[in-house]
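Listing of start_27.csv; format and content: CSV, C-alpha atoms.
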```csv
chain,number,residue,atom,x,y,z
A,8,MET,CA,-18.6,36.5,-50.4
A,9,PHE,CA,-20.7,35.1,-53.2
A,10,PHE,CA,-19.6,34.4,-56.7
A,11,ALA,CA,-22.2,36.1,-58.8
A,12,PHE,CA,-21.6,33.9,-61.8
A,13,LEU,CA,-22.4,30.6,-60.1
A,14,ASP,CA,-24.6,32.0,-57.4
A,15,ILE,CA,-22.9,29.7,-54.9
A,16,LYS,CA,-21.0,30.5,-51.8
A,17,LEU,CA,-17.4,29.3,-52.4
A,18,PHE,CA,-15.3,31.2,-49.9
A,19,PRO,CA,-15.2,34.5,-48.0
A,20,ILE,CA,-12.9,37.4,-48.6
A,21,ASN,CA,-9.5,36.1,-49.4
A,22,LYS,CA,-7.6,35.4,-46.2
A,23,ALA,CA,-4.6,33.9,-47.8
A,24,VAL,CA,-1.7,33.7,-45.4
A,25,VAL,CA,1.4,35.6,-46.5
A,26,TYR,CA,4.2,33.1,-45.9
A,27,SER,CA,7.4,34.8,-44.8
A,28,THR,CA,10.5,32.7,-45.3
A,29,PRO,CA,13.5,33.8,-43.2
A,30,PRO,CA,16.6,34.8,-45.2
A,31,LEU,CA,18.9,31.8,-45.9
A,32,PHE,CA,22.7,31.7,-46.2
A,33,PHE,CA,25.5,30.8,-48.6
A,34,LEU,CA,29.0,29.9,-49.9
A,35,HIS,CA,32.6,30.7,-50.9
A,36,THR,CA,36.2,29.4,-50.7
A,37,LYS,CA,38.4,32.5,-50.9
A,38,PRO,CA,38.8,35.1,-48.2
A,39,LEU,CA,35.9,37.5,-48.1
A,40,PHE,CA,36.3,40.9,-46.6
A,41,LEU,CA,33.1,42.7,-46.3
A,42,ARG,CA,31.7,46.1,-46.3
A,43,PRO,CA,32.0,47.8,-42.9
A,44,ILE,CA,28.9,48.8,-40.9
A,45,SER,CA,28.4,49.6,-37.3
A,46,SER,CA,28.3,46.7,-34.8
A,47,VAL,CA,24.9,44.9,-35.2
A,48,PRO,CA,23.9,41.3,-34.4
A,49,LEU,CA,23.2,39.6,-37.7
A,50,CYS,CA,20.4,37.6,-36.3
A,51,SER,CA,18.4,40.7,-35.4
A,52,SER,CA,17.6,41.0,-39.1
A,53,LEU,CA,16.3,37.5,-39.2
A,54,THR,CA,13.5,37.7,-36.7
A,55,ASN,CA,10.5,35.8,-38.0
A,56,THR,CA,7.4,37.7,-37.3
A,57,SER,CA,5.0,35.7,-39.4
A,58,GLY,CA,4.6,32.8,-37.0
A,59,LEU,CA,4.5,30.4,-39.9
A,60,TYR,CA,8.1,29.4,-39.8
A,61,PRO,CA,10.4,29.1,-36.7
A,62,GLN,CA,13.6,31.2,-36.6
A,63,THR,CA,16.7,29.7,-38.3
A,64,ASP,CA,19.4,28.0,-36.3
A,65,LEU,CA,22.2,30.6,-36.7
A,66,SER,CA,24.8,31.9,-34.3
A,67,PRO,CA,25.0,35.7,-34.0
A,68,VAL,CA,27.8,37.3,-36.0
A,69,THR,CA,29.0,40.6,-34.6
A,70,LEU,CA,29.9,43.2,-37.2
A,71,THR,CA,32.7,45.7,-36.7
A,72,LYS,CA,33.7,49.0,-38.3
A,73,SER,CA,36.3,49.2,-41.0
A,74,THR,CA,37.4,52.0,-43.3
A,75,SER,CA,38.7,50.1,-46.3
A,76,SER,CA,37.1,51.4,-49.5
A,77,ASN,CA,38.3,48.4,-51.5
A,78,GLN,CA,36.2,45.8,-49.6
A,79,ASP,CA,33.1,46.1,-51.7
A,80,SER,CA,34.9,45.5,-54.9
A,81,TYR,CA,36.8,42.6,-53.4
A,82,VAL,CA,33.6,41.0,-52.3
A,83,VAL,CA,32.1,41.4,-55.7
A,84,SER,CA,35.2,39.9,-57.4
A,85,TYR,CA,35.2,37.0,-54.9
A,86,LEU,CA,31.5,36.2,-55.7
A,87,ILE,CA,32.2,36.3,-59.4
A,88,ASP,CA,35.4,34.3,-59.4
A,89,SER,CA,34.7,31.8,-56.6
A,90,CYS,CA,30.9,31.3,-56.9
A,91,GLY,CA,30.2,31.9,-60.5
A,92,LEU,CA,27.8,34.8,-60.1
A,93,SER,CA,27.2,37.4,-62.7
A,94,PRO,CA,28.5,40.9,-62.0
A,95,GLU,CA,25.0,42.3,-61.4
A,96,ILE,CA,24.1,39.4,-59.0
A,97,ALA,CA,27.4,39.6,-57.3
A,98,ILE,CA,27.0,43.3,-56.5
A,99,SER,CA,23.5,42.7,-55.1
A,100,ALA,CA,24.7,39.7,-53.1
A,101,SER,CA,27.7,41.5,-51.6
A,102,LYS,CA,25.3,44.0,-49.9
A,103,LYS,CA,24.1,41.1,-47.7
A,104,LEU,CA,27.4,40.0,-46.4
A,105,GLU,CA,29.3,41.5,-43.5
A,106,PHE,CA,32.3,39.8,-41.8
A,107,GLU,CA,36.0,40.5,-41.2
A,108,THR,CA,37.7,37.2,-41.8
A,109,PRO,CA,37.1,34.4,-44.2
A,110,GLU,CA,37.2,31.5,-41.7
A,111,ARG,CA,33.5,31.0,-41.5
A,112,PRO,CA,32.5,31.2,-45.2
A,113,ASP,CA,35.6,29.1,-46.0
A,114,SER,CA,34.4,26.4,-43.6
A,115,VAL,CA,30.9,26.5,-45.1
A,116,LEU,CA,32.2,26.0,-48.6
A,117,ASN,CA,34.6,23.3,-47.6
A,118,LEU,CA,31.8,21.4,-45.9
A,119,LEU,CA,29.4,21.7,-48.8
A,120,ARG,CA,32.0,20.6,-51.3
A,121,THR,CA,33.1,17.7,-49.1
A,122,TYR,CA,29.5,16.5,-49.2
A,123,GLY,CA,29.5,16.7,-53.0
A,124,PHE,CA,27.7,20.0,-53.8
A,125,THR,CA,28.6,21.0,-57.4
A,126,ASP,CA,29.8,24.4,-58.4
A,127,THR,CA,26.5,24.9,-60.1
A,128,GLN,CA,24.6,24.1,-56.9
A,129,ILE,CA,26.8,26.3,-54.8
A,130,SER,CA,26.3,29.2,-57.3
A,131,LYS,CA,22.6,28.7,-57.0
A,132,LEU,CA,22.7,28.8,-53.2
A,133,VAL,CA,24.8,31.9,-53.2
A,134,ARG,CA,22.7,33.6,-55.7
A,135,LYS,CA,19.5,32.9,-53.8
A,136,GLN,CA,20.8,33.4,-50.2
A,137,PRO,CA,24.3,34.7,-49.8
A,138,LYS,CA,24.1,34.7,-46.0
A,139,LEU,CA,24.4,30.9,-45.8
A,140,LEU,CA,28.1,31.7,-45.6
A,141,LEU,CA,27.6,33.0,-42.1
A,142,ALA,CA,26.2,29.8,-40.7
A,143,ASN,CA,28.4,27.7,-38.3
A,144,SER,CA,29.4,24.7,-40.4
A,145,GLU,CA,30.3,22.5,-37.5
A,146,LYS,CA,27.3,23.3,-35.2
A,147,THR,CA,24.6,24.3,-37.7
A,148,LEU,CA,25.2,22.5,-41.0
A,149,LEU,CA,27.1,19.3,-40.3
A,150,PRO,CA,24.6,17.7,-37.8
A,151,LYS,CA,21.8,18.3,-40.3
A,152,LEU,CA,23.7,16.8,-43.3
A,153,GLU,CA,24.4,13.8,-41.1
A,154,PHE,CA,20.8,13.4,-40.0
A,155,TYR,CA,19.5,13.5,-43.6
A,156,GLN,CA,21.7,10.6,-44.5
A,157,THR,CA,20.5,8.4,-41.7
A,158,PHE,CA,17.2,7.6,-43.3
A,159,GLY,CA,18.4,6.5,-46.7
A,160,VAL,CA,18.6,9.7,-48.8
A,161,SER,CA,20.8,9.1,-51.8
A,162,ARG,CA,23.6,11.6,-52.1
A,163,SER,CA,22.3,12.9,-55.4
A,164,ASP,CA,18.7,13.3,-54.1
A,165,LEU,CA,19.9,14.9,-50.9
A,166,LEU,CA,22.0,17.5,-52.8
A,167,ARG,CA,19.2,18.3,-55.3
A,168,VAL,CA,16.7,18.9,-52.5
A,169,LEU,CA,19.0,20.8,-50.2
A,170,SER,CA,20.4,23.0,-53.0
A,171,GLY,CA,16.8,24.1,-53.7
A,172,ASP,CA,16.0,25.2,-50.1
A,173,ALA,CA,18.5,26.1,-47.5
A,174,ASN,CA,15.8,26.1,-44.9
A,175,MET,CA,16.4,22.4,-44.6
A,176,LEU,CA,19.9,23.2,-43.4
A,177,LEU,CA,19.1,26.3,-41.3
A,178,ARG,CA,16.1,25.1,-39.2
A,179,SER,CA,16.8,23.9,-35.7
A,180,LEU,CA,17.5,20.1,-35.9
A,181,GLU,CA,16.1,19.2,-32.5
A,182,ASN,CA,13.2,21.7,-32.4
A,183,HIS,CA,12.0,21.6,-36.0
A,184,ILE,CA,13.6,19.2,-38.5
A,185,ILE,CA,13.4,16.0,-36.5
A,186,PRO,CA,9.8,16.6,-35.2
A,187,SER,CA,8.8,17.5,-38.8
A,188,TYR,CA,10.3,14.3,-40.1
A,189,ASN,CA,8.6,12.2,-37.4
A,190,PHE,CA,5.3,13.8,-38.2
A,191,LEU,CA,5.7,13.2,-41.9
A,192,LYS,CA,6.5,9.5,-41.2
A,193,SER,CA,3.5,9.2,-38.9
A,194,VAL,CA,1.3,10.1,-41.9
A,195,LEU,CA,3.2,8.6,-44.8
A,196,LYS,CA,4.3,5.5,-42.8
A,197,SER,CA,7.6,4.8,-44.6
A,198,ASP,CA,10.9,6.4,-45.2
A,199,LYS,CA,10.5,5.8,-48.9
A,200,LYS,CA,7.3,7.9,-49.1
A,201,VAL,CA,8.9,10.6,-46.9
A,202,LEU,CA,11.8,10.8,-49.2
A,203,TYR,CA,9.5,11.0,-52.2
A,204,ALA,CA,7.6,13.8,-50.5
A,205,MET,CA,11.0,15.6,-49.8
A,206,LYS,CA,12.0,15.3,-53.5
A,207,ARG,CA,8.7,16.7,-54.6
A,208,THR,CA,9.0,19.8,-52.4
A,209,SER,CA,11.3,20.7,-49.5
A,210,TRP,CA,8.3,22.4,-47.9
A,211,ASN,CA,7.7,19.0,-46.4
A,212,VAL,CA,10.7,19.5,-44.1
A,213,SER,CA,10.8,23.3,-43.7
A,214,ALA,CA,7.1,23.7,-43.0
A,215,ASP,CA,5.7,24.5,-39.5
A,216,TYR,CA,4.0,21.2,-38.6
A,217,THR,CA,3.2,22.0,-35.0
A,218,ASN,CA,1.3,25.2,-35.5
A,219,TYR,CA,-0.1,24.7,-39.0
A,220,VAL,CA,0.1,21.3,-40.6
A,221,ALA,CA,-0.8,19.1,-37.6
A,222,PRO,CA,-4.0,21.0,-36.7
A,223,ASN,CA,-5.0,21.0,-40.4
A,224,ILE,CA,-4.4,17.3,-40.7
A,225,ALA,CA,-6.6,16.9,-37.6
A,226,VAL,CA,-9.4,18.8,-39.4
A,227,LEU,CA,-9.2,16.5,-42.4
A,228,ARG,CA,-9.3,13.4,-40.1
A,229,GLY,CA,-12.4,15.0,-38.5
A,230,PHE,CA,-14.1,14.9,-41.8
A,231,ASP,CA,-13.1,11.2,-42.3
A,232,VAL,CA,-10.7,11.9,-45.1
A,233,PRO,CA,-8.8,8.6,-45.6
A,234,GLU,CA,-5.2,8.5,-44.5
A,235,SER,CA,-4.1,7.5,-48.0
A,236,LYS,CA,-5.7,10.7,-49.4
A,237,ILE,CA,-4.1,12.9,-46.7
A,238,GLY,CA,-0.7,11.3,-47.6
A,239,LEU,CA,-1.3,12.2,-51.3
A,240,LEU,CA,-2.0,15.8,-50.3
A,241,LEU,CA,1.2,16.0,-48.2
A,242,THR,CA,3.2,14.5,-51.1
A,243,HIS,CA,1.7,16.5,-54.0
A,244,HIS,CA,0.2,19.7,-52.6
A,245,PRO,CA,1.7,20.4,-49.2
A,246,GLU,CA,1.1,24.1,-49.6
A,247,ALA,CA,-2.6,23.4,-49.4
A,248,ILE,CA,-2.4,22.8,-45.7
A,249,LEU,CA,0.2,25.5,-44.9
A,250,LYS,CA,-2.6,27.9,-43.8
A,251,LYS,CA,-3.9,29.2,-40.6
A,252,PRO,CA,-6.1,26.4,-39.1
A,253,GLU,CA,-9.2,28.6,-38.8
A,254,HIS,CA,-8.9,29.6,-42.5
A,255,PHE,CA,-8.2,26.0,-43.5
A,256,LYS,CA,-11.3,24.7,-41.6
A,257,GLU,CA,-13.4,27.3,-43.5
A,258,ILE,CA,-12.2,26.0,-46.8
A,259,VAL,CA,-12.8,22.3,-45.8
A,260,ASN,CA,-16.3,23.2,-44.6
A,261,MET,CA,-17.1,24.9,-47.9
A,262,VAL,CA,-15.9,22.0,-50.0
A,263,LYS,CA,-18.1,19.6,-47.9
A,264,GLU,CA,-21.1,21.9,-48.3
A,265,MET,CA,-20.6,22.0,-52.1
A,266,GLY,CA,-21.2,18.2,-52.1
A,267,PHE,CA,-17.7,16.8,-52.5
A,268,ASP,CA,-17.2,13.4,-51.0
A,269,PRO,CA,-14.4,13.3,-48.3
A,270,SER,CA,-13.5,9.8,-49.3
A,271,LYS,CA,-12.7,10.8,-52.9
A,272,SER,CA,-9.5,12.5,-54.3
A,273,THR,CA,-11.6,15.3,-55.7
A,274,PHE,CA,-12.4,16.5,-52.1
A,275,LEU,CA,-8.8,17.4,-51.4
A,276,GLN,CA,-8.3,18.7,-55.0
A,277,ALA,CA,-11.1,21.1,-54.3
A,278,VAL,CA,-9.5,22.1,-50.9
A,279,HIS,CA,-6.3,22.8,-52.8
A,280,ALA,CA,-8.0,24.7,-55.6
A,281,ILE,CA,-10.1,26.9,-53.4
A,282,GLY,CA,-7.2,27.6,-51.1
A,283,LYS,CA,-5.1,28.6,-54.1
A,284,SER,CA,-7.8,30.7,-55.7
A,285,ASN,CA,-9.7,33.9,-55.1
A,286,LYS,CA,-12.7,35.7,-56.6
A,287,ALA,CA,-10.6,37.3,-59.4
A,288,ILE,CA,-9.2,33.9,-60.4
A,289,TRP,CA,-12.6,32.2,-60.3
A,290,ASP,CA,-14.3,35.0,-62.3
A,291,ARG,CA,-11.5,34.9,-64.9
A,292,CYS,CA,-11.9,31.1,-65.4
A,293,CYS,CA,-15.7,31.5,-65.6
A,294,GLU,CA,-15.3,34.2,-68.3
A,295,SER,CA,-12.8,32.0,-70.2
A,296,PHE,CA,-15.0,29.0,-70.2
A,297,GLY,CA,-18.1,31.2,-71.0
A,298,LYS,CA,-16.4,32.3,-74.2
A,299,TRP,CA,-16.5,28.7,-75.3
A,300,GLY,CA,-20.2,28.4,-74.6
A,301,TRP,CA,-20.1,26.7,-71.2
A,302,SER,CA,-23.1,27.5,-69.0
A,303,ARG,CA,-22.8,28.2,-65.3
A,304,ASP,CA,-24.1,24.6,-64.6
A,305,GLU,CA,-21.5,23.2,-66.9
A,306,ILE,CA,-18.7,25.2,-65.2
A,307,LEU,CA,-19.8,24.0,-61.8
A,308,SER,CA,-20.1,20.4,-63.0
A,309,ALA,CA,-16.6,20.7,-64.5
A,310,PHE,CA,-15.3,22.0,-61.2
A,311,LYS,CA,-16.7,19.1,-59.3
A,312,LYS,CA,-15.1,16.7,-61.8
A,313,GLN,CA,-11.7,18.4,-61.8
A,314,PRO,CA,-11.4,21.2,-59.3
A,315,HIS,CA,-8.0,22.3,-60.7
A,316,CYS,CA,-9.6,23.4,-63.9
A,317,MET,CA,-10.6,26.6,-62.0
A,318,ILE,CA,-7.1,27.7,-61.3
A,319,LEU,CA,-5.8,27.4,-64.8
A,320,SER,CA,-4.4,30.5,-66.5
A,321,GLU,CA,-6.5,32.2,-69.2
A,322,LYS,CA,-3.8,31.5,-71.7
A,323,LYS,CA,-3.7,27.7,-71.0
A,324,ILE,CA,-7.5,27.5,-71.3
A,325,ALA,CA,-7.6,29.4,-74.5
A,326,ARG,CA,-4.7,27.4,-76.2
A,327,GLY,CA,-6.2,24.1,-75.1
A,328,MET,CA,-9.7,24.9,-76.2
A,329,ASP,CA,-8.6,26.4,-79.5
A,330,PHE,CA,-6.6,23.4,-80.5
A,331,ILE,CA,-9.2,20.8,-79.4
A,332,VAL,CA,-12.2,22.7,-80.8
A,333,ASN,CA,-10.9,24.7,-83.8
A,334,LYS,CA,-8.0,22.5,-85.0
A,335,MET,CA,-9.4,19.0,-84.2
A,336,GLY,CA,-13.1,19.7,-84.6
A,337,TRP,CA,-14.4,18.3,-81.2
A,338,TYR,CA,-17.2,20.0,-79.5
A,339,SER,CA,-16.6,22.5,-76.6
A,340,LYS,CA,-19.0,20.5,-74.5
A,341,ASP,CA,-16.8,17.4,-74.9
A,342,VAL,CA,-14.1,19.2,-72.9
A,343,ALA,CA,-16.7,20.4,-70.3
A,344,ARG,CA,-17.5,16.7,-69.7
A,345,ASN,CA,-13.8,15.8,-69.4
A,346,PRO,CA,-12.1,18.9,-67.9
A,347,THR,CA,-9.0,17.0,-66.8
A,348,ILE,CA,-7.9,17.2,-70.4
A,349,LEU,CA,-7.2,20.9,-70.0
A,350,LEU,CA,-4.6,20.1,-67.3
A,351,TYR,CA,-2.5,18.1,-69.8
A,352,SER,CA,0.5,19.6,-71.7
A,353,LEU,CA,-0.6,20.8,-75.1
A,354,GLU,CA,2.9,20.2,-76.6
A,355,LYS,CA,3.8,16.9,-74.9
A,356,ARG,CA,0.4,15.1,-74.7
A,357,ILE,CA,-2.5,16.6,-76.6
A,358,VAL,CA,-0.9,17.5,-79.9
A,359,PRO,CA,1.2,14.3,-80.4
A,360,ARG,CA,-1.8,12.1,-79.7
A,361,CYS,CA,-4.1,14.1,-81.9
A,362,LEU,CA,-1.6,13.9,-84.8
A,363,VAL,CA,-1.7,10.2,-84.5
A,364,ILE,CA,-5.5,10.2,-84.6
A,365,GLN,CA,-5.4,12.5,-87.6
A,366,VAL,CA,-3.2,10.0,-89.5
A,367,LEU,CA,-5.2,7.0,-88.6
A,368,SER,CA,-8.5,8.8,-89.5
A,369,SER,CA,-7.1,9.9,-92.8
A,370,LYS,CA,-6.5,6.3,-93.7
A,371,GLY,CA,-9.9,5.1,-92.6
A,372,LEU,CA,-8.4,3.0,-89.8
A,373,LEU,CA,-10.5,4.4,-86.9
A,374,GLU,CA,-14.2,4.5,-86.0
A,375,LYS,CA,-15.7,7.9,-86.7
A,376,ASP,CA,-17.1,8.7,-83.2
A,377,LEU,CA,-14.0,8.2,-81.1
A,378,ASN,CA,-14.5,9.7,-77.7
A,379,LEU,CA,-12.1,12.5,-76.7
A,380,SER,CA,-11.4,11.0,-73.3
A,381,THR,CA,-10.4,7.7,-75.0
A,382,ILE,CA,-7.6,9.5,-76.8
A,383,LEU,CA,-6.3,11.9,-74.3
A,384,MET,CA,-6.9,10.4,-70.8
A,385,PRO,CA,-5.3,6.9,-70.9
A,386,PRO,CA,-1.6,6.6,-69.7
A,387,GLU,CA,1.0,6.8,-72.4
A,388,LYS,CA,1.7,3.0,-72.5
A,389,ARG,CA,-1.9,2.2,-73.1
A,390,PHE,CA,-2.3,4.9,-75.8
A,391,LEU,CA,0.8,3.6,-77.7
A,392,GLU,CA,-0.4,0.0,-77.5
A,393,ARG,CA,-3.8,0.9,-78.9
A,394,PHE,CA,-3.1,3.6,-81.4
A,395,VAL,CA,0.5,3.3,-82.5
A,396,ILE,CA,1.9,-0.2,-82.0
A,397,SER,CA,-1.3,-1.8,-83.3
A,398,TYR,CA,-1.0,0.0,-86.6
A,399,GLU,CA,2.8,-0.4,-87.2
A,400,LYS,CA,2.3,-2.4,-90.4
A,401,GLU,CA,-0.3,-0.2,-91.9
A,402,VAL,CA,1.5,3.1,-90.9
A,403,PRO,CA,5.2,2.4,-90.4
A,404,HIS,CA,6.1,6.0,-89.5
A,405,LEU,CA,3.4,6.4,-86.9
A,406,LEU,CA,5.7,6.4,-83.9
A,407,GLY,CA,7.7,9.1,-85.6
A,408,VAL,CA,4.6,11.1,-86.0
A,409,TYR,CA,3.9,10.7,-82.3
A,410,GLN,CA,7.4,11.7,-81.3
A,411,ARG,CA,7.1,14.7,-83.6
A,412,LYS,CA,10.0,13.5,-85.7
A,413,VAL,CA,7.9,13.0,-88.9
A,414,ASP,CA,5.9,15.8,-90.5
A,415,ILE,CA,2.6,14.2,-91.5
A,416,LEU,CA,2.3,16.4,-94.6
A,417,ASP,CA,5.8,16.5,-96.0
A,418,SER,CA,6.4,12.7,-95.4
A,419,GLY,CA,3.2,11.6,-97.2
A,420,VAL,CA,1.9,9.9,-94.0
A,421,ILE,CA,-1.4,11.6,-94.7
A,422,ASN,CA,-2.4,10.9,-98.4
```

Turn this file's structure into structure tokens for me.
Amino acid sequence: MFFAFLDIKLFPINKAVVYSTPPLFFLHTKPLFLRPISSVPLCSSLTNTSGLYPQTDLSPVTLTKSTSSNQDSYVVSYLIDSCGLSPEIAISASKKLEFETPERPDSVLNLLRTYGFTDTQISKLVRKQPKLLLANSEKTLLPKLEFYQTFGVSRSDLLRVLSGDANMLLRSLENHIIPSYNFLKSVLKSDKKVLYAMKRTSWNVSADYTNYVAPNIAVLRGFDVPESKIGLLLTHHPEAILKKPEHFKEIVNMVKEMGFDPSKSTFLQAVHAIGKSNKAIWDRCCESFGKWGWSRDEILSAFKKQPHCMILSEKKIARGMDFIVNKMGWYSKDVARNPTILLYSLEKRIVPRCLVIQVLSSKGLLEKDLNLSTILMPPEKRFLERFVISYEKEVPHLLGVYQRKVDILDSGVIN
């Protein structure tokens, strides 16, 4: 498929993989008597047909018939009282739970609380995946909790990561979690980097490395992408390589054909951007930039400088350009030459820095032709040293302006 606006072949008809995550499973401390249904193995509903993720490590739970009409209301009350769910969420969650005695969910809750999961974290787990309660705490959960602690995960980091994705507790330890960890370490080289990657996203442990990630890493190595850059991709954008290998190879080939250098970070940024994009997203960004006078060549040039600028939302582009061009008076083409600026937070970075520049300019303390990138692109420490700390005597309230604690008009900072 060709993008008409740029007249370049970016990628074929969208072949994005639909990732199907198996249901997860969750928590309680009081007896839980569930709605009766005919005898069915629970795991039959968890069959993974996508091929992207392996099946979860759960023991089958056989369901039996019951005639008690009060069980549904009891389950709902239990979820509200013991797990902190709202009535609406508790009603929905109760439909996913079926068992006769409370031993298994009680043991799951006791184990999680013993390991330090807070009530808030437990409530989050139950809300997202009530069926974690049906896991075998001794055989399924405990070995994994023990494993994660063997390579130096702090308790707080461990709980934060695990409470965000129960796949890390439900995957098979021997067949999936340990091999995935070993693969991550083979690329990232140290436990510290593996743990950082885990904290960034638990996909780094729940992903299917054998069938998806490993072949795609091999593709990148085939293009001589440096190991350090591959490590950054795994750490910051692991979803970029969670694709079918044949589709991933197409993307990498297209990026190379567009002239990106595999030794540079922009090569993998383009791989990520194109993999996350489609024709509709690309056309929308082209239209948004076109409204600000960017030509097709300028859009392509901006993409090569900062590939992620082509996956920004229409709203983010409009707000950023409106402030920089209409409020601050810079040229639209200045942004085209420095597209990374549009990725920054308007409220946390762009506005505070521009307010400081307004104050300094109003007092004649700055050169007139200050470059946009000089203001917005340096790290915070360097910006503060150059534009705030250096002018403390002349403008005592400048730090307050930067921190949005001082109104530049009401305080008289601007004469």

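Computed from the coordinates, the CA of Glu145 in chain A to CA of Leu116 in chain A distance equals 11.8 Å.
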
For CA of Asn333 in chain A and CA of Met317 in chain A, the interatomic separation in Å (one decimal): 21.9 Å

Computed interatomic separation between CA of Leu373 in chain A and CA of Arg389 in chain A (Å):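 Going from CA of Leu373 in chain A over to CA of Arg389 in chain A covers 16.4 Å.
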
Residue neighbourhood range 225-238 of chain A, 12 Å, only C-alpha atoms, exclusion window fewer than 4 positions, as JSON, numbers by chain: {"A": [190, 191, 192, 193, 194, 195, 196, 197, 200, 201, 203, 204, 211, 216, 217, 218, 219, 220, 221, 242, 243, 244, 245, 247, 248, 251, 252, 253, 254, 255, 256, 257, 258, 259, 260, 262, 263, 264, 267, 268, 269, 270, 271, 272, 273, 274, 275, 276, 278, 279]}

Proximity to Gln128 in chain A - best of A:Glu181, A:Glu401, A:Asp376, A:Asp172, all atoms listed in the file: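 Closest to Gln128 in chain A, using all atoms listed in the file: A:Asp172.
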
Got a sec: who's within 12 Å of Arg291 in chain A, counting all atoms listed in the file, leaving out chain neighbours fewer than 5 positions off, as a short mmCIF file (atom, residue, chain, number, x, y, z; two decimals) with C-alpha atoms, in the coordinates of the input?
```cif
data_model
loop_
_atom_site.label_atom_id
_atom_site.label_comp_id
_atom_site.auth_asym_id
_atom_site.auth_seq_id
_atom_site.Cartn_x
_atom_site.Cartn_y
_atom_site.Cartn_z
CA PHE A 10 -19.60 34.40 -56.70
CA PHE A 12 -21.60 33.90 -61.80
CA SER A 284 -7.80 30.70 -55.70
CA ASN A 285 -9.70 33.90 -55.10
CA LYS A 286 -12.70 35.70 -56.60
CA PHE A 296 -15.00 29.00 -70.20
CA GLY A 297 -18.10 31.20 -71.00
CA LYS A 298 -16.40 32.30 -74.20
CA CYS A 316 -9.60 23.40 -63.90
CA MET A 317 -10.60 26.60 -62.00
CA ILE A 318 -7.10 27.70 -61.30
CA LEU A 319 -5.80 27.40 -64.80
CA SER A 320 -4.40 30.50 -66.50
CA GLU A 321 -6.50 32.20 -69.20
CA LYS A 322 -3.80 31.50 -71.70
CA ILE A 324 -7.50 27.50 -71.30
CA ALA A 325 -7.60 29.40 -74.50
#
```

Shortest interatomic distance to Glu110 in chain A - which of A:Ser130, A:Ser93, A:Asn143, A:Ser170, counting all atoms listed in the file: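 Once distances to Glu110 in chain A are computed over all atoms listed in the file, the minimum belongs to A:Asn143.
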
Distance criterion (only C-alpha atoms): nearest to Ser369 in chain A out of A:Val402, A:Glu105, A:Leu249, A:Lys311: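 Closest to Ser369 in chain A of all the choices is A:Val402.
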
Some atoms are missing, so please complete range 168-176 of chain A with N, CA, C and O atoms and return it as a PDB file, in the frame of the given file.
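This is the output file result-v4.pdb:
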```
ATOM      1  N   VAL A 168      17.716  18.267 -53.356  1.00  0.00           N
ATOM      2  CA  VAL A 168      16.700  18.900 -52.500  1.00  0.00           C
ATOM      3  C   VAL A 168      17.286  20.011 -51.679  1.00  0.00           C
ATOM      4  O   VAL A 168      16.701  21.092 -51.602  1.00  0.00           O
ATOM      5  N   LEU A 169      18.458  19.799 -51.083  1.00  0.00           N
ATOM      6  CA  LEU A 169      19.000  20.800 -50.200  1.00  0.00           C
ATOM      7  C   LEU A 169      19.461  22.060 -51.008  1.00  0.00           C
ATOM      8  O   LEU A 169      19.349  23.190 -50.514  1.00  0.00           O
ATOM      9  N   SER A 170      19.946  21.880 -52.218  1.00  0.00           N
ATOM     10  CA  SER A 170      20.400  23.000 -53.000  1.00  0.00           C
ATOM     11  C   SER A 170      19.183  23.883 -53.432  1.00  0.00           C
ATOM     12  O   SER A 170      19.342  25.035 -53.837  1.00  0.00           O
ATOM     13  N   GLY A 171      17.980  23.328 -53.321  1.00  0.00           N
ATOM     14  CA  GLY A 171      16.800  24.100 -53.700  1.00  0.00           C
ATOM     15  C   GLY A 171      16.183  24.852 -52.531  1.00  0.00           C
ATOM     16  O   GLY A 171      15.363  25.745 -52.741  1.00  0.00           O
ATOM     17  N   ASP A 172      16.576  24.528 -51.289  1.00  0.00           N
ATOM     18  CA  ASP A 172      16.000  25.200 -50.100  1.00  0.00           C
ATOM     19  C   ASP A 172      16.886  25.075 -48.930  1.00  0.00           C
ATOM     20  O   ASP A 172      16.948  24.034 -48.279  1.00  0.00           O
ATOM     21  N   ALA A 173      17.588  26.158 -48.614  1.00  0.00           N
ATOM     22  CA  ALA A 173      18.500  26.100 -47.500  1.00  0.00           C
ATOM     23  C   ALA A 173      17.810  26.096 -46.144  1.00  0.00           C
ATOM     24  O   ALA A 173      18.449  25.895 -45.118  1.00  0.00           O
ATOM     25  N   ASN A 174      16.501  26.283 -46.122  1.00  0.00           N
ATOM     26  CA  ASN A 174      15.800  26.100 -44.900  1.00  0.00           C
ATOM     27  C   ASN A 174      16.009  24.759 -44.257  1.00  0.00           C
ATOM     28  O   ASN A 174      15.983  24.597 -43.037  1.00  0.00           O
ATOM     29  N   MET A 175      16.217  23.781 -45.101  1.00  0.00           N
ATOM     30  CA  MET A 175      16.400  22.400 -44.600  1.00  0.00           C
ATOM     31  C   MET A 175      17.763  22.281 -43.900  1.00  0.00           C
ATOM     32  O   MET A 175      17.990  21.302 -43.195  1.00  0.00           O
ATOM     33  N   LEU A 176      18.655  23.239 -44.086  1.00  0.00           N
ATOM     34  CA  LEU A 176      19.900  23.200 -43.400  1.00  0.00           C
ATOM     35  C   LEU A 176      19.941  24.236 -42.215  1.00  0.00           C
ATOM     36  O   LEU A 176      20.803  24.158 -41.339  1.00  0.00           O
TER      37      LEU A 176
END
```
